[in-house]
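To start, the structure itself, in structure tokens.
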Amino acid sequence: MLSDPMPARGLLPQSCQLVIFGAPGDLAWRKLLPAVYNLNVDGVLPSHFAVTGFGLPAEGSVSGDPDEHLRNRARTGIQKFSRQPLDEGHWQDFSRALFYVPGSFNDAQAYTQLKAKLDAVDQQFGIPAARVYYLAVPPSLVGMCVAHLRDAGMITSPTERVGFSRVIVEKPIGRDLTSAQEVIRTVAQAFDESQTYRIDHYLGKETVQNLLVLRFANSIFEPLWNNRFIDHVQITVAEEEGLVQYDDQGGINGSRVGYYEGVGALRDMVQNHILQVLCLVAMEPPYSLAPDLVRDAKSGVLTCLRPMTPDNIERHVVRAQYIEGDMHGRRVPGFRKEVRDFFLSANRPLPQASVNSTTETFVAMKLFIDNWRWSGVPFYIRTGKRLPRRASEVAIQFKDVPSVLFNVNPDVPLEPTVLSLRVQPEEGMAMRIASKLPGPKVRIYPVQMEFNYATGLGGVPPEAYERLLLDVMAGDATLFLRKDAVELAWQFVMPILDHWGNSRQRDLPEYQCGTWGPVEANRIIEPDGRYWRTL
């Protein structure tokens with residue numbers, strides 16, 4: 001069976017109160033509240049624990065008992081999205097520790113009410129004034145929330161002997177380097193860096209965490225993990241959905257256009273998720289798992305990324321946008337039509353910049369890490385929406401064997417040895433190696449050795465948010481972004497964003513929905529004698 005989703009290094013979650021800003025919102029409904037419920041079912045929450053939500057629902061007001069309002073919404077989210085089915089016994093135990101204070105983020109009086117509620121819950125559950133503030137709010141509201149928390153006296157110093165204050169900041173951390181630095185500065189006015197947990201849920205996925213174990217707990221891999229034996233690395237994050245979800249009658253029942261338009265795939269996926277996975281693949285081994293040592297090693301990778309010059313961007317970076325196409329036998333619209341549909345359905349005027357939007361829904365690039373270990377090894381990364389299937393993978397392709405013995409025929413070369421790590425949806429790993437087919441003749445055939453977390457270890461691995469929430473309660477910052485990593489990632493992508501902004505390109509390369517991206521992406525990899533993997 002799978003082991004309990006406990007934080008690394010034996011740290012235990014401490015008694016605390018989880019305070020969710022934006023509790024009526026989508027993130028809390030789909031991810032956070034189901035995650036806490038699952039931790040309750042698994043019996044790994046601290047002995048003295050409660051959840052208090054804060055914020056106003058979309059309808060702007062709450063009728064009846066506020067606590068029951070949030071409990072009812074949490075129940076529907078757990079029924080729909082939880083890893084484990086809702087059990088009435090566990091629900092009763094969980095819901096009794098679930099509270100809600102409706103209030104506006106810019107209302108000082110609401111924070112006074114919140115403080116009184118938190119103090120009362122602390123006393124009721126025997127919690128020693130220990131708070132984890134989860135800011136599930138847009139980046140523009142982070143500064144406001146932090147300032148009001150500070151002014152209301154709800155933040156304790158990291159030197160306090162009793163209790164603690166920690167804050168979780170959701171991505172995106174800014175939309176460029178300048179705004180990211182402003183978010184970091186704003187949060188730092190109230191919280192010490194040691195109290196700040198910048199979350200990237202990708203780092204909580206089992207396969208991503210397993211990268212370190214795979215590399216540093218198996219003696220066969222680390223000696224080969226360098227430019228002498230690895231030909232190249234591919235990192236793919238493919239998303240099947242588009243920006244708008246339509247019902248059977250063609251109506252809109254969900255949309256991310258409001259967030260995504262003007263943001264694009266480079267900011268949404270590459271700057272955070274993909275670069276963080278890249279760091280785990282490429283980092284040097286730390287001498288211990290102390291959080292700052294692991295984060296030092298990751299920052300070292302970002303420091304060594306070869307800067308993107310205008311010439312490199314033109315040759316090694318491709319952006320594109322999906323157009324109308326077929327997915328699973330159904331015709332789906334292109335991105336620009338989805339943007340128009342979103343604004344029309346909301347009875348909002350269509351911004352001129354969105355009429356012919358140049359927001360990219362696909363990015364592919366080739367990059368290099370200029371250090372001793374990886375010199376000359378290309379890393380190919382790609383991400384896109386409306387691709388044939390939802391799948392994320394890290395593929396390590398080893399160098400070909402010499403053209404002797406079994407690899408003498410240049411017309412039929414041996415298939416390369418590939419180690420692939422599946423991040424989602426079916427977390428696991430596979431290794432493709434050459435083997436002899438049974439029979440009197442020597443015939444070589446590639447075989448796949450597979451491992452799946454769910455079937456191999458007898459259970460479904462915990463969701464990423466479950467692991468990360470436990471880590472914050474334990475004070476383990478290993479899987480969270482330090483401010484230097486945020487800034488280094490932005491420093492890498494800013495030349496690309498600036499180049500695109502200066503080019504004022506109106507027509508992007510296009511790819512049909514249900515395909516693996518634009519043909520232009522092939523020019524990044526095929527001139528090198530390599531090909532994109534089909535997942």
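Letters A, B, ... mark the chains of the structure tokens in the order given; residue numbers begin at 1 per chain; ligand numbers begin at 1, in order shown.
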
Write down as an NGL selection string the residues of range 16-135 of chain A whose backbone DSSP state falls under helix (DSSP H, G or I). :A and (26-42 or 66-81 or 88-95 or 108-125)

So that I can see what lies close to Val318 in chain A, please list as an MDAnalysis selection string the residues with an atom at most 12 Å from it, counting only C-alpha atoms and leaving out residues fewer than 4 positions away in the same chain. chainID A and resid 265:266 312:314 360:366 380:384 496 500 508:511 517:525

Looking at A:Asn218, A:Ser104, A:Asn38, A:Thr52, which one is nearest to Leu118 in chain A, with distances taken over only C-alpha atoms? A:Thr52

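For the pair CA of Arg75 in chain A and CA of Leu98 in chain A, the interatomic distance is 10.9 Å.
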
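If you measure from each of A:Asp476, A:Gly43, A:His48, A:Phe398 to Leu289 in chain A using only C-alpha atoms, the closest one turns out to be A:Asp476.
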
Using only C-alpha atoms, which residues sit within 12 Å of Arg161 in chain A once same-chain residues fewer than 5 positions away are excluded, as an MDAnalysis selection string? chainID A and resid 128:130 156

Export, as a PDB file, in the first residue's frame, the selected residues with all heavy atoms.
```
ATOM      1  N   PRO A 128      -2.812  26.662  19.500  1.00  0.00           N
ATOM      2  CA  PRO A 128      -1.975  27.689  20.144  1.00  0.00           C
ATOM      3  C   PRO A 128      -1.666  28.879  19.236  1.00  0.00           C
ATOM      4  O   PRO A 128      -0.497  29.179  18.958  1.00  0.00           O
ATOM      5  CB  PRO A 128      -0.711  26.912  20.499  1.00  0.00           C
ATOM      6  CG  PRO A 128      -0.602  25.895  19.412  1.00  0.00           C
ATOM      7  CD  PRO A 128      -2.012  25.495  19.073  1.00  0.00           C
ATOM      8  N   ALA A 129      -2.702  29.579  18.742  1.00  0.00           N
ATOM      9  CA  ALA A 129      -2.503  30.778  17.913  1.00  0.00           C
ATOM     10  C   ALA A 129      -1.567  30.513  16.741  1.00  0.00           C
ATOM     11  O   ALA A 129      -0.720  31.343  16.389  1.00  0.00           O
ATOM     12  CB  ALA A 129      -1.990  31.934  18.765  1.00  0.00           C
ATOM     13  N   ALA A 130      -1.712  29.351  16.134  1.00  0.00           N
ATOM     14  CA  ALA A 130      -0.896  28.982  14.973  1.00  0.00           C
ATOM     15  C   ALA A 130      -1.766  29.064  13.728  1.00  0.00           C
ATOM     16  O   ALA A 130      -2.808  28.417  13.654  1.00  0.00           O
ATOM     17  CB  ALA A 130      -0.337  27.577  15.159  1.00  0.00           C
ATOM     18  N   THR A 156       2.191  36.865  13.619  1.00  0.00           N
ATOM     19  CA  THR A 156       3.179  36.787  14.690  1.00  0.00           C
ATOM     20  C   THR A 156       4.574  36.733  14.104  1.00  0.00           C
ATOM     21  O   THR A 156       4.788  36.301  12.961  1.00  0.00           O
ATOM     22  CB  THR A 156       2.953  35.542  15.563  1.00  0.00           C
ATOM     23  OG1 THR A 156       3.076  34.370  14.746  1.00  0.00           O
ATOM     24  CG2 THR A 156       1.578  35.565  16.200  1.00  0.00           C
TER      25      THR A 156
END
```
